[in-house]
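A.B. asks: Data: coords_22.cif, mmCIF, C-alpha atoms.
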data_final
loop_
_atom_site.label_atom_id
_atom_site.label_comp_id
_atom_site.auth_asym_id
_atom_site.auth_seq_id
_atom_site.Cartn_x
_atom_site.Cartn_y
_atom_site.Cartn_z
CA MET K 191 -24.22 21.41 -8.57
CA LYS K 192 -21.27 21.96 -10.84
CA LEU K 193 -20.43 18.84 -12.84
CA GLU K 194 -17.18 17.42 -14.17
CA PHE K 195 -17.06 14.14 -16.01
CA TYR K 196 -14.76 11.59 -17.59
CA ASP K 197 -15.97 9.46 -20.54
CA VAL K 198 -14.56 6.22 -21.91
CA ASN K 199 -15.43 3.89 -24.78
CA ASP K 200 -17.37 6.41 -26.88
CA PHE K 201 -19.93 7.13 -24.21
CA LYS K 202 -21.54 10.03 -26.10
CA LYS K 203 -22.05 8.01 -29.28
CA ASN K 204 -23.46 4.95 -27.49
CA ALA K 205 -25.67 6.37 -24.76
CA ASN K 206 -29.26 7.42 -25.32
CA LYS K 207 -29.02 11.22 -25.56
CA ALA K 208 -32.33 12.10 -23.91
CA ALA K 209 -31.65 9.77 -20.97
CA VAL K 210 -28.18 11.25 -20.41
CA ALA K 211 -29.48 14.82 -20.69
CA GLY K 212 -32.06 14.00 -18.02
CA VAL K 213 -29.38 12.80 -15.60
CA MET K 214 -27.16 15.83 -16.25
CA ASP K 215 -30.10 18.21 -15.66
CA VAL K 216 -31.08 16.48 -12.42
CA LEU K 217 -27.53 16.72 -11.10
CA ARG K 218 -27.07 20.35 -12.14
CA SER K 219 -30.24 21.23 -10.21
CA LEU K 220 -29.30 19.14 -7.17
CA PRO K 221 -28.67 21.15 -4.00
CA LEU K 222 -25.67 20.12 -1.88
CA HIS K 223 -26.82 17.62 0.77
CA VAL K 224 -25.10 17.94 4.13
CA LYS K 225 -25.36 16.52 7.65
CA ARG K 226 -23.37 16.91 10.84
CA SER K 227 -20.50 14.47 11.35
CA ASP K 228 -19.92 12.49 14.50
CA GLN K 229 -16.50 11.18 13.39
CA HIS K 230 -13.43 11.93 15.43
CA GLY K 231 -11.54 14.98 14.17
CA LYS K 232 -14.54 16.52 12.45
CA LYS K 233 -17.31 16.20 15.02
CA ASP K 234 -20.23 18.53 14.18
CA HIS K 235 -18.57 19.69 10.96
CA LEU K 236 -20.96 19.72 8.04
CA ILE K 237 -20.11 16.82 5.73
CA PHE K 238 -21.49 15.51 2.46
CA ASP K 239 -24.68 13.55 3.15
CA PRO K 240 -24.81 10.43 0.96
CA VAL K 241 -28.23 9.32 2.22
CA GLY K 242 -29.78 12.70 1.46
CA ALA K 243 -28.09 12.96 -1.94
CA ASN K 244 -29.15 9.42 -2.88
CA ALA K 245 -32.76 10.09 -1.86
CA ALA K 246 -32.90 13.34 -3.85
CA ILE K 247 -31.39 11.71 -6.95
CA ASP K 248 -33.84 8.84 -6.58
CA THR K 249 -36.88 11.13 -6.40
CA ALA K 250 -35.74 13.22 -9.37
CA LEU K 251 -34.82 10.29 -11.65
CA VAL K 252 -37.93 8.26 -10.84
CA SER K 253 -40.07 11.30 -11.76
CA LEU K 254 -38.33 11.24 -15.17
CA GLY K 255 -39.30 7.59 -15.70
CA TRP K 256 -36.09 5.91 -14.48
CA LYS K 257 -36.60 2.52 -12.86
CA PRO K 258 -34.89 2.20 -9.45
CA LYS K 259 -33.20 -0.84 -7.84
CA ILE K 260 -33.19 -3.08 -10.91
CA PRO K 261 -32.41 -6.68 -9.92
CA ILE K 262 -29.33 -8.33 -11.41
CA PRO K 263 -30.32 -11.81 -12.69
CA GLU K 264 -29.30 -14.82 -10.61
CA GLY K 265 -26.04 -16.24 -11.85
CA SER K 266 -24.61 -12.74 -12.33
CA GLN K 267 -24.82 -11.60 -8.72
CA ALA K 268 -21.19 -12.14 -7.73
CA LEU K 269 -20.70 -8.38 -7.40
CA GLY K 270 -24.12 -7.38 -6.05
CA THR K 271 -27.83 -7.97 -6.40
CA ASP K 272 -29.17 -4.78 -7.95
CA ILE K 273 -28.26 -1.65 -9.84
CA ASP K 274 -29.45 1.80 -8.78
CA PHE K 275 -31.31 3.08 -11.88
CA GLY K 276 -31.93 2.23 -15.51
CA LYS K 277 -33.73 3.69 -18.53
CA SER K 278 -33.39 3.35 -22.33
CA GLY K 279 -30.29 1.15 -22.08
CA VAL K 280 -28.50 3.56 -19.72
CA LEU K 281 -27.54 2.27 -16.27
CA VAL K 282 -26.89 4.74 -13.44
CA GLU K 283 -25.13 4.12 -10.13
CA ALA K 284 -24.73 6.78 -7.42
CA GLN K 285 -21.61 5.83 -5.49
CA PHE K 286 -20.88 7.88 -2.36
CA SER K 287 -19.79 4.89 -0.25
CA ASN K 288 -16.33 3.54 0.63
CA TYR K 289 -13.85 3.87 -2.20
CA PRO K 290 -13.39 0.19 -3.18
CA PHE K 291 -17.03 0.02 -4.27
CA PHE K 292 -16.26 2.14 -7.32
CA ILE K 293 -14.23 -0.57 -9.03
CA ASN K 294 -16.91 -3.08 -8.06
CA ASN K 295 -19.51 -0.92 -9.87
CA VAL K 296 -17.28 -0.48 -12.91
CA MET K 297 -16.40 -4.14 -13.28
CA ARG K 298 -19.85 -5.55 -12.73
CA THR K 299 -21.34 -3.06 -15.17
CA ASN K 300 -18.69 -4.06 -17.69
CA ALA K 301 -19.35 -7.78 -17.17
CA LEU K 302 -23.13 -7.33 -17.58
CA TYR K 303 -22.50 -5.23 -20.69
CA GLN K 304 -20.07 -7.70 -22.26
CA ALA K 305 -22.38 -10.64 -21.58
CA GLY K 306 -25.34 -8.72 -23.05
CA ILE K 307 -27.47 -9.70 -20.06
CA PRO K 308 -30.96 -8.14 -20.26
CA LEU K 309 -32.10 -6.25 -17.17
CA PRO K 310 -35.85 -6.43 -17.76
CA PRO K 311 -37.07 -2.88 -16.99
CA MET K 312 -34.24 -1.22 -18.94
CA GLY K 313 -33.14 -3.80 -21.53
CA VAL K 314 -29.48 -4.61 -22.20
CA ILE K 315 -26.88 -2.06 -21.15
CA ASP K 316 -25.68 0.28 -23.93
CA ALA K 317 -23.86 2.68 -21.61
CA ALA K 318 -23.47 3.50 -17.94
CA ILE K 319 -23.09 6.50 -15.63
CA ILE K 320 -21.53 6.47 -12.17
CA ILE K 321 -22.17 9.54 -10.00
CA THR K 322 -19.54 10.52 -7.40
CA LYS K 323 -18.78 13.57 -5.24
CA ALA K 324 -15.69 15.76 -5.43
CA LYS K 325 -12.88 15.57 -2.90
CA LEU K 326 -13.39 19.17 -1.80
CA PHE K 327 -16.46 18.40 0.33
CA GLU K 328 -15.65 17.19 3.81
CA ALA K 329 -17.08 13.67 4.01
CA SER K 330 -17.03 10.45 6.03
CA ASN K 331 -13.65 8.75 6.23
CA SER K 332 -12.60 6.58 3.26
CA THR K 333 -15.54 7.51 1.08
CA LEU K 334 -14.95 7.63 -2.66
CA TYR K 335 -14.25 10.98 -4.29
CA ALA K 336 -14.47 11.91 -7.95
CA GLU K 337 -10.78 12.61 -8.56
CA GLN K 338 -9.94 9.16 -7.21
CA ALA K 339 -12.63 7.59 -9.42
CA PHE K 340 -11.22 9.39 -12.49
CA ASP K 341 -7.69 8.13 -11.64
CA GLN K 342 -8.91 4.58 -11.12
CA LEU K 343 -10.91 4.62 -14.33
CA LYS K 344 -7.88 5.81 -16.29
CA PHE K 345 -5.94 2.91 -14.78
CA LEU K 346 -8.68 0.37 -15.60
CA GLU K 347 -9.69 1.77 -18.97
CA LYS K 348 -7.94 -0.85 -21.11
CA ALA K 349 -9.69 -3.70 -19.31
CA ILE K 350 -13.25 -2.53 -19.99
CA SER K 351 -15.37 -2.02 -23.06
CA VAL K 352 -18.58 -0.58 -21.61
CA PRO K 353 -19.25 3.03 -22.66
CA LEU K 354 -19.04 4.82 -19.33
CA ARG K 355 -19.29 8.36 -17.94
CA VAL K 356 -18.10 9.03 -14.40
CA ILE K 357 -19.64 12.26 -13.13
CA GLY K 358 -18.23 14.23 -10.21
CA LEU K 359 -20.45 16.59 -8.23
CA PHE K 360 -18.41 19.74 -7.60
CA ALA K 361 -19.15 23.26 -6.32
CA GLU K 362 -17.66 26.71 -6.73
CA ARG K 363 -15.53 27.56 -3.72
CA CYS K 364 -16.51 30.57 -1.61
CA THR K 365 -19.84 31.00 -3.41
CA PRO K 366 -23.25 30.70 -1.74
CA LEU K 367 -24.85 27.37 -2.61
CA ASP K 368 -28.33 25.97 -2.15
CA ALA K 369 -28.09 23.10 0.29
CA VAL K 370 -30.25 20.71 2.29
CA LEU K 371 -29.25 20.02 5.90
CA THR K 372 -30.67 16.79 7.25
CA GLN K 373 -30.60 15.59 10.82
CA TYR K 374 -30.90 11.83 11.25
CA HIS K 375 -32.07 9.85 14.24
CA ALA K 376 -28.49 8.65 14.88
CA ALA K 377 -25.53 10.60 13.53
CA ARG K 378 -23.95 7.63 11.79
CA TYR K 379 -25.64 5.02 9.53
CA SER K 380 -29.22 6.06 10.34
CA ARG K 381 -31.60 6.80 7.48
CA THR K 382 -34.40 7.96 9.71
CA VAL K 383 -34.89 11.67 9.11
CA VAL K 384 -35.60 13.82 12.17
CA GLU K 385 -35.47 17.17 10.38
CA LYS K 386 -34.67 18.37 6.88
CA LYS K 387 -34.24 22.05 6.04
CA GLU K 388 -33.23 24.16 3.09
CA VAL K 389 -30.18 26.28 3.86
CA GLN K 390 -27.36 28.12 2.14
CA CYS K 391 -23.79 26.96 2.47
CA VAL K 392 -20.38 27.99 1.38
CA VAL K 393 -17.51 25.63 0.65
CA GLY K 394 -14.02 26.84 1.58
CA LYS K 395 -12.72 30.21 2.77
CA PRO K 396 -11.33 33.10 0.77
CA GLY K 397 -7.57 33.31 0.58
CA ARG K 398 -6.50 29.69 0.62
CA ILE K 399 -7.41 26.74 -1.57
CA MET K 400 -7.39 23.31 0.04
CA GLU K 401 -7.97 19.91 -1.54
CA ARG K 402 -10.68 19.33 1.03
CA GLU K 403 -12.68 22.26 2.37
CA ARG K 404 -14.89 23.00 5.36
CA ILE K 405 -18.57 23.52 4.56
CA THR K 406 -20.20 26.34 6.53
CA LEU K 407 -23.77 27.56 6.83
CA ILE K 408 -24.31 31.13 5.72
CA ASN K 409 -27.12 31.60 8.24
CA GLU K 410 -29.10 29.16 10.29
CA MET Q 36 -4.30 -25.51 6.37
CA LYS Q 37 -6.29 -27.27 3.70
CA LEU Q 38 -6.11 -25.41 0.39
CA GLU Q 39 -8.53 -24.99 -2.47
CA PHE Q 40 -7.72 -22.85 -5.46
CA TYR Q 41 -9.07 -21.45 -8.70
CA ASP Q 42 -6.72 -20.69 -11.62
CA VAL Q 43 -7.27 -18.50 -14.67
CA ASN Q 44 -5.23 -17.59 -17.76
CA ASP Q 45 -2.89 -20.59 -17.72
CA PHE Q 46 -1.52 -19.85 -14.27
CA LYS Q 47 0.41 -23.15 -14.02
CA LYS Q 48 2.19 -22.66 -17.32
CA ASN Q 49 3.12 -19.03 -16.67
CA ALA Q 50 4.08 -18.92 -12.99
CA ASN Q 51 7.55 -19.82 -11.72
CA LYS Q 52 7.07 -23.35 -10.37
CA ALA Q 53 9.48 -23.12 -7.43
CA ALA Q 54 8.00 -19.84 -6.25
CA VAL Q 55 4.46 -21.22 -6.39
CA ALA Q 56 5.47 -24.46 -4.62
CA GLY Q 57 6.98 -22.32 -1.84
CA VAL Q 58 3.72 -20.44 -1.30
CA MET Q 59 1.63 -23.61 -1.33
CA ASP Q 60 3.96 -25.25 1.24
CA VAL Q 61 3.85 -22.21 3.52
CA LEU Q 62 0.05 -22.16 3.45
CA ARG Q 63 -0.30 -25.93 3.98
CA SER Q 64 1.89 -25.60 7.10
CA LEU Q 65 0.10 -22.49 8.37
CA PRO Q 66 -1.79 -22.96 11.65
CA LEU Q 67 -5.24 -21.39 11.90
CA HIS Q 68 -4.91 -17.90 13.40
CA VAL Q 69 -7.74 -16.88 15.71
CA LYS Q 70 -8.65 -14.07 18.09
CA ARG Q 71 -11.68 -13.20 20.20
CA SER Q 72 -14.32 -11.04 18.51
CA ASP Q 73 -15.81 -7.95 20.07
CA GLN Q 74 -18.48 -7.56 17.39
CA HIS Q 75 -22.14 -7.61 18.31
CA GLY Q 76 -23.68 -11.06 17.89
CA LYS Q 77 -20.40 -12.92 18.21
CA LYS Q 78 -18.74 -11.28 21.19
CA ASP Q 79 -15.93 -13.48 22.55
CA HIS Q 80 -16.39 -16.05 19.78
CA LEU Q 81 -13.13 -17.16 18.22
CA ILE Q 82 -12.86 -15.61 14.78
CA PHE Q 83 -10.30 -15.74 12.00
CA ASP Q 84 -7.41 -13.40 12.86
CA PRO Q 85 -6.26 -11.53 9.74
CA VAL Q 86 -3.43 -9.69 11.52
CA GLY Q 87 -2.00 -12.94 12.91
CA ALA Q 88 -2.38 -14.78 9.61
CA ASN Q 89 -0.75 -11.92 7.67
CA ALA Q 90 2.18 -11.77 10.10
CA ALA Q 91 2.75 -15.55 9.92
CA ILE Q 92 2.59 -15.54 6.10
CA ASP Q 93 4.98 -12.59 6.04
CA THR Q 94 7.55 -14.33 8.27
CA ALA Q 95 7.38 -17.57 6.31
CA LEU Q 96 7.57 -16.01 2.82
CA VAL Q 97 10.36 -13.58 3.73
CA SER Q 98 12.42 -16.51 5.05
CA LEU Q 99 12.02 -18.08 1.57
CA GLY Q 100 13.40 -14.95 -0.09
CA TRP Q 101 10.14 -13.20 -0.97
CA LYS Q 102 10.31 -9.40 -0.92
CA PRO Q 103 7.54 -7.78 1.16
CA LYS Q 104 5.64 -4.51 0.58
CA ILE Q 105 6.91 -3.83 -2.94
CA PRO Q 106 6.13 -0.23 -3.94
CA ILE Q 107 3.93 0.35 -6.99
CA PRO Q 108 5.59 3.00 -9.18
CA GLU Q 109 4.16 6.52 -9.12
CA GLY Q 110 1.68 6.99 -11.94
CA SER Q 111 0.23 3.51 -11.33
CA GLN Q 112 -0.95 4.05 -7.77
CA ALA Q 113 -4.64 4.67 -8.47
CA LEU Q 114 -5.52 1.39 -6.75
CA GLY Q 115 -2.91 1.34 -3.99
CA THR Q 116 0.71 2.07 -3.21
CA ASP Q 117 2.27 -1.36 -2.64
CA ILE Q 118 1.83 -5.07 -3.19
CA ASP Q 119 2.27 -7.62 -0.40
CA PHE Q 120 5.01 -9.94 -1.74
CA GLY Q 121 6.95 -10.71 -4.90
CA LYS Q 122 9.57 -13.15 -6.13
CA SER Q 123 10.64 -14.51 -9.53
CA GLY Q 124 7.85 -12.69 -11.38
CA VAL Q 125 5.14 -13.99 -9.04
CA LEU Q 126 3.12 -11.43 -7.08
CA VAL Q 127 1.30 -12.48 -3.90
CA GLU Q 128 -1.47 -10.66 -2.04
CA ALA Q 129 -3.03 -11.90 1.20
CA GLN Q 130 -6.54 -10.49 1.28
CA PHE Q 131 -8.51 -11.01 4.48
CA SER Q 132 -10.02 -7.51 4.56
CA ASN Q 133 -13.43 -6.21 3.48
CA TYR Q 134 -14.77 -7.93 0.39
CA PRO Q 135 -14.53 -5.09 -2.18
CA PHE Q 136 -10.73 -5.11 -1.85
CA PHE Q 137 -10.56 -8.40 -3.74
CA ILE Q 138 -11.60 -6.88 -7.04
CA ASN Q 139 -9.24 -3.97 -6.37
CA ASN Q 140 -6.36 -6.47 -6.01
CA VAL Q 141 -7.39 -8.37 -9.14
CA MET Q 142 -7.77 -5.32 -11.33
CA ARG Q 143 -4.64 -3.50 -10.25
CA THR Q 144 -2.60 -6.68 -10.67
CA ASN Q 145 -4.07 -7.10 -14.13
CA ALA Q 146 -3.34 -3.48 -15.09
CA LEU Q 147 0.29 -3.73 -13.88
CA TYR Q 148 0.63 -7.02 -15.77
CA GLN Q 149 -0.87 -5.68 -19.00
CA ALA Q 150 1.29 -2.55 -18.88
CA GLY Q 151 4.41 -4.68 -18.23
CA ILE Q 152 5.42 -2.32 -15.42
CA PRO Q 153 8.60 -3.51 -13.66
CA LEU Q 154 8.42 -3.77 -9.88
CA PRO Q 155 12.13 -3.56 -9.11
CA PRO Q 156 12.68 -6.30 -6.50
CA MET Q 157 10.58 -8.88 -8.41
CA GLY Q 158 10.71 -7.79 -12.07
CA VAL Q 159 7.61 -7.64 -14.28
CA ILE Q 160 4.60 -9.69 -13.23
CA ASP Q 161 4.29 -13.11 -14.95
CA ALA Q 162 1.58 -14.41 -12.63
CA ALA Q 163 -0.17 -13.59 -9.38
CA ILE Q 164 -1.59 -15.32 -6.32
CA ILE Q 165 -4.28 -13.95 -4.02
CA ILE Q 166 -4.72 -15.70 -0.66
CA THR Q 167 -8.17 -15.68 0.97
CA LYS Q 168 -9.90 -17.54 3.82
CA ALA Q 169 -12.89 -19.85 3.51
CA LYS Q 170 -16.39 -18.84 4.51
CA LEU Q 171 -16.60 -21.56 7.15
CA PHE Q 172 -14.47 -19.67 9.67
CA GLU Q 173 -16.35 -17.15 11.75
CA ALA Q 174 -14.80 -13.79 10.91
CA SER Q 175 -15.30 -10.04 11.18
CA ASN Q 176 -18.38 -8.71 9.40
CA SER Q 177 -18.12 -8.12 5.63
CA THR Q 178 -14.66 -9.66 5.27
CA LEU Q 179 -13.90 -11.42 2.01
CA TYR Q 180 -14.26 -15.19 1.86
CA ALA Q 181 -12.81 -17.59 -0.68
CA GLU Q 182 -16.07 -18.80 -2.20
CA GLN Q 183 -17.05 -15.19 -2.87
CA ALA Q 184 -13.64 -14.50 -4.41
CA PHE Q 185 -14.00 -17.56 -6.69
CA ASP Q 186 -17.48 -16.37 -7.78
CA GLN Q 187 -16.23 -12.85 -8.45
CA LEU Q 188 -13.23 -14.10 -10.38
CA LYS Q 189 -15.44 -16.28 -12.57
CA PHE Q 190 -17.55 -13.19 -13.27
CA LEU Q 191 -14.49 -11.02 -14.07
CA GLU Q 192 -12.47 -13.66 -15.89
CA LYS Q 193 -13.13 -12.36 -19.42
CA ALA Q 194 -11.89 -8.88 -18.53
CA ILE Q 195 -8.44 -9.94 -17.31
CA SER Q 196 -5.42 -11.55 -18.90
CA VAL Q 197 -3.07 -11.93 -15.92
CA PRO Q 198 -2.38 -15.57 -15.00
CA LEU Q 199 -3.91 -15.76 -11.55
CA ARG Q 200 -4.47 -18.31 -8.78
CA VAL Q 201 -6.89 -17.49 -5.97
CA ILE Q 202 -6.18 -19.71 -2.98
CA GLY Q 203 -8.71 -20.34 -0.22
CA LEU Q 204 -7.53 -21.40 3.24
CA PHE Q 205 -9.91 -24.13 4.39
CA ALA Q 206 -9.98 -26.67 7.22
CA GLU Q 207 -11.51 -30.08 7.83
CA ARG Q 208 -14.63 -29.72 9.94
CA CYS Q 209 -14.73 -31.44 13.36
CA THR Q 210 -11.02 -32.31 13.23
CA PRO Q 211 -8.40 -31.03 15.72
CA LEU Q 212 -6.35 -28.27 14.11
CA ASP Q 213 -3.16 -26.51 15.14
CA ALA Q 214 -4.01 -22.91 15.83
CA VAL Q 215 -2.52 -19.73 17.24
CA LEU Q 216 -4.69 -17.63 19.55
CA THR Q 217 -3.59 -14.02 19.79
CA GLN Q 218 -4.83 -11.40 22.20
CA TYR Q 219 -4.41 -7.83 21.05
CA HIS Q 220 -4.24 -4.65 23.07
CA ALA Q 221 -7.68 -3.62 21.81
CA ALA Q 222 -10.12 -6.20 20.48
CA ARG Q 223 -10.71 -4.41 17.20
CA TYR Q 224 -8.14 -2.89 14.81
CA SER Q 225 -5.15 -3.18 17.21
CA ARG Q 226 -2.00 -4.88 15.97
CA THR Q 227 -0.27 -4.72 19.36
CA VAL Q 228 0.08 -8.27 20.63
CA VAL Q 229 -0.54 -8.82 24.36
CA GLU Q 230 -0.28 -12.62 24.28
CA LYS Q 231 0.11 -15.26 21.58
CA LYS Q 232 -0.30 -18.97 22.34
CA GLU Q 233 -0.36 -22.22 20.43
CA VAL Q 234 -3.64 -24.05 20.91
CA GLN Q 235 -5.79 -26.68 19.28
CA CYS Q 236 -9.13 -25.80 17.78
CA VAL Q 237 -11.97 -27.51 16.08
CA VAL Q 238 -14.19 -25.95 13.42
CA GLY Q 239 -17.87 -26.92 13.48
CA LYS Q 240 -19.80 -29.51 15.46
CA PRO Q 241 -20.62 -33.11 14.55
CA GLY Q 242 -24.08 -33.71 13.15
CA ARG Q 243 -24.77 -30.51 11.23
CA ILE Q 244 -22.89 -28.76 8.48
CA MET Q 245 -23.20 -24.99 8.31
CA GLU Q 246 -21.82 -22.56 5.73
CA ARG Q 247 -20.16 -20.70 8.59
CA GLU Q 248 -19.03 -22.59 11.68
CA ARG Q 249 -18.10 -21.79 15.26
CA ILE Q 250 -14.43 -22.27 16.13
CA THR Q 251 -13.85 -23.81 19.57
CA LEU Q 252 -10.74 -24.47 21.64
CA ILE Q 253 -10.14 -28.12 22.46
CA ASN Q 254 -8.48 -27.19 25.74
CA GLU Q 255 -7.14 -23.94 27.08
#
Will you turn the file into structure tokens for me?

C.D. replies:
Amino acid sequence: MKLEFYDVNDFKKNANKAAVAGVMDVLRSLPLHVKRSDQHGKKDHLIFDPVGANAAIDTALVSLGWKPKIPIPEGSQALGTDIDFGKSGVLVEAQFSNYPFFINNVMRTNALYQAGIPLPPMGVIDAAIIITKAKLFEASNSTLYAEQAFDQLKFLEKAISVPLRVIGLFAERCTPLDAVLTQYHAARYSRTVVEKKEVQCVVGKPGRIMERERITLINE
Amino acid sequence: MKLEFYDVNDFKKNANKAAVAGVMDVLRSLPLHVKRSDQHGKKDHLIFDPVGANAAIDTALVSLGWKPKIPIPEGSQALGTDIDFGKSGVLVEAQFSNYPFFINNVMRTNALYQAGIPLPPMGVIDAAIIITKAKLFEASNSTLYAEQAFDQLKFLEKAISVPLRVIGLFAERCTPLDAVLTQYHAARYSRTVVEKKEVQCVVGKPGRIMERERITLINE
């Protein structure tokens, strides 16, 4: 996918370069993950599939030696019990859920960083990455989008000292894209895969640019 | 209701005393607001009613000269468009919603405070109060509870400089309480009141203390 990112607190200088390059490569190679919505107003529309995207990111990062689901030590669990991935002092969260979870991720990462708390498989945090999706993809109601995360980070920036990169997954409008269409056992919440197929999609239509675009299959 | 609170950053010294005393009085006099749940696993149980509690707090604070729904200036709206109440430099939020909104409230209040942004009807923020409910009341799934807010604040404390009091609404277990039972047009999400009546409730049962207790009517 196409990436945009927003760095604070000297992220580039502080983060392990090889680890960061690995994440960027994985995300650039990531196909768009979509599923059919069952939400009112967009029933059967293709929407961004957070479960599919998370699973693909997990598989790719673990194959590069990233440790998944690293437990947060007891006594520091006020904002959650584990972090998504860690390697060489770099923490990674993929955040495609409801928008208030972004600030939760930012502030707990910052608190763990400031306290210098070791997270055994990855060591202490030197820097962190939070992965989000762009607004342009149709998605479940109230889910976080990258532009919102960038705005919030700008607003919070003075309160945090952790070197942080927020990455947005974007796509070229009106351009064929590799995608994965997954059908789940139940349209909402289920993680049980019924069928997964590689497809090609296009985001948006020629002639008008919208903040949020329909995603259509090129051929089924 | 019975109140417990957690202060940071010299709240007492920095907050307007009369304004704070007004809020504390309103909350001490507040009856417990309940409604019937329609959520799986607690259908028809009495649960904490956030809409009723918010409306009662609104009426009481406005009658004491607090300004409701104060707009956040454009350019500072990354974490929301308005604050619940303000008076004499004291900002008040009532937060009975899903738990990640607490940290959103804390961090946006802190950012507005640090930037010294004037909120016209109340002036700049000198101090802030966030009102929450205790865990012991049965409530909708994933809603914030006071003990969780206290834990999160302790974890975030070093990152913020705004003088802040987080208040928890508690109740004595197994003791008759004044309460208001409201029936809404639809069990979930609706704010349209069908019937509102004053009742007496009791929280918990003698002989066992649970983290979360059933709320029962003394007589209907």

A.B. asks: Taking only C-alpha atoms into account, which residues of chain Q are within 9 Å of chain K, as a list in words?

C.D. replies: Ser111, Gln112, Ala113, Leu114, Tyr134, Pro135, Phe136, Ile138, Asn139, Met142, Arg143, Asn145, Ala146, Gln149, Gln183, Ala184, Asp186, Gln187, Leu188, Lys189, Phe190, Leu191, Lys193, Ala194, Ile195 and Ser196 of chain Q

A.B. asks: As a JSON list (two decimals) with C-alpha atoms, in the coordinates of the input, please: the residues near Gln235 in chain Q (cut-off 12 Å, only C-alpha atoms, same-chain neighbours under 6 positions excluded).

C.D. replies:
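Produced file out.json, reproduced below:
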[["chain", "number", "residue", "atom", "x", "y", "z"],
["Q", 66, "PRO", "CA", -1.79, -22.96, 11.65],
["Q", 67, "LEU", "CA", -5.24, -21.39, 11.90],
["Q", 68, "HIS", "CA", -4.91, -17.90, 13.40],
["Q", 69, "VAL", "CA", -7.74, -16.88, 15.71],
["Q", 209, "CYS", "CA", -14.73, -31.44, 13.36],
["Q", 210, "THR", "CA", -11.02, -32.31, 13.23],
["Q", 211, "PRO", "CA", -8.40, -31.03, 15.72],
["Q", 212, "LEU", "CA", -6.35, -28.27, 14.11],
["Q", 213, "ASP", "CA", -3.16, -26.51, 15.14],
["Q", 214, "ALA", "CA", -4.01, -22.91, 15.83],
["Q", 215, "VAL", "CA", -2.52, -19.73, 17.24],
["Q", 216, "LEU", "CA", -4.69, -17.63, 19.55],
["Q", 250, "ILE", "CA", -14.43, -22.27, 16.13],
["Q", 251, "THR", "CA", -13.85, -23.81, 19.57],
["Q", 252, "LEU", "CA", -10.74, -24.47, 21.64],
["Q", 253, "ILE", "CA", -10.14, -28.12, 22.46],
["Q", 254, "ASN", "CA", -8.48, -27.19, 25.74],
["Q", 255, "GLU", "CA", -7.14, -23.94, 27.08]]

A.B. asks: I need the residue set behind the PyMOL selection byres ((chain Q and resi 94-96) around 12) for this file; please write it as a PyMOL selection string.

C.D. replies: chain Q and resi 54-66+87-93+97-104+119-122+126-129

A.B. asks: Write out the residues from the selection above, keeping C-alpha atoms, as a PDB file, in the coordinates of the input.

C.D. replies:
ATOM      1  CA  ALA Q  54       8.000 -19.840  -6.250  1.00  0.00           C
ATOM      2  CA  VAL Q  55       4.460 -21.220  -6.390  1.00  0.00           C
ATOM      3  CA  ALA Q  56       5.470 -24.460  -4.620  1.00  0.00           C
ATOM      4  CA  GLY Q  57       6.980 -22.320  -1.840  1.00  0.00           C
ATOM      5  CA  VAL Q  58       3.720 -20.440  -1.300  1.00  0.00           C
ATOM      6  CA  MET Q  59       1.630 -23.610  -1.330  1.00  0.00           C
ATOM      7  CA  ASP Q  60       3.960 -25.250   1.240  1.00  0.00           C
ATOM      8  CA  VAL Q  61       3.850 -22.210   3.520  1.00  0.00           C
ATOM      9  CA  LEU Q  62       0.050 -22.160   3.450  1.00  0.00           C
ATOM     10  CA  ARG Q  63      -0.300 -25.930   3.980  1.00  0.00           C
ATOM     11  CA  SER Q  64       1.890 -25.600   7.100  1.00  0.00           C
ATOM     12  CA  LEU Q  65       0.100 -22.490   8.370  1.00  0.00           C
ATOM     13  CA  PRO Q  66      -1.790 -22.960  11.650  1.00  0.00           C
ATOM     14  CA  GLY Q  87      -2.000 -12.940  12.910  1.00  0.00           C
ATOM     15  CA  ALA Q  88      -2.380 -14.780   9.610  1.00  0.00           C
ATOM     16  CA  ASN Q  89      -0.750 -11.920   7.670  1.00  0.00           C
ATOM     17  CA  ALA Q  90       2.180 -11.770  10.100  1.00  0.00           C
ATOM     18  CA  ALA Q  91       2.750 -15.550   9.920  1.00  0.00           C
ATOM     19  CA  ILE Q  92       2.590 -15.540   6.100  1.00  0.00           C
ATOM     20  CA  ASP Q  93       4.980 -12.590   6.040  1.00  0.00           C
ATOM     21  CA  VAL Q  97      10.360 -13.580   3.730  1.00  0.00           C
ATOM     22  CA  SER Q  98      12.420 -16.510   5.050  1.00  0.00           C
ATOM     23  CA  LEU Q  99      12.020 -18.080   1.570  1.00  0.00           C
ATOM     24  CA  GLY Q 100      13.400 -14.950  -0.090  1.00  0.00           C
ATOM     25  CA  TRP Q 101      10.140 -13.200  -0.970  1.00  0.00           C
ATOM     26  CA  LYS Q 102      10.310  -9.400  -0.920  1.00  0.00           C
ATOM     27  CA  PRO Q 103       7.540  -7.780   1.160  1.00  0.00           C
ATOM     28  CA  LYS Q 104       5.640  -4.510   0.580  1.00  0.00           C
ATOM     29  CA  ASP Q 119       2.270  -7.620  -0.400  1.00  0.00           C
ATOM     30  CA  PHE Q 120       5.010  -9.940  -1.740  1.00  0.00           C
ATOM     31  CA  GLY Q 121       6.950 -10.710  -4.900  1.00  0.00           C
ATOM     32  CA  LYS Q 122       9.570 -13.150  -6.130  1.00  0.00           C
ATOM     33  CA  LEU Q 126       3.120 -11.430  -7.080  1.00  0.00           C
ATOM     34  CA  VAL Q 127       1.300 -12.480  -3.900  1.00  0.00           C
ATOM     35  CA  GLU Q 128      -1.470 -10.660  -2.040  1.00  0.00           C
ATOM     36  CA  ALA Q 129      -3.030 -11.900   1.200  1.00  0.00           C
TER      37      ALA Q 129
END
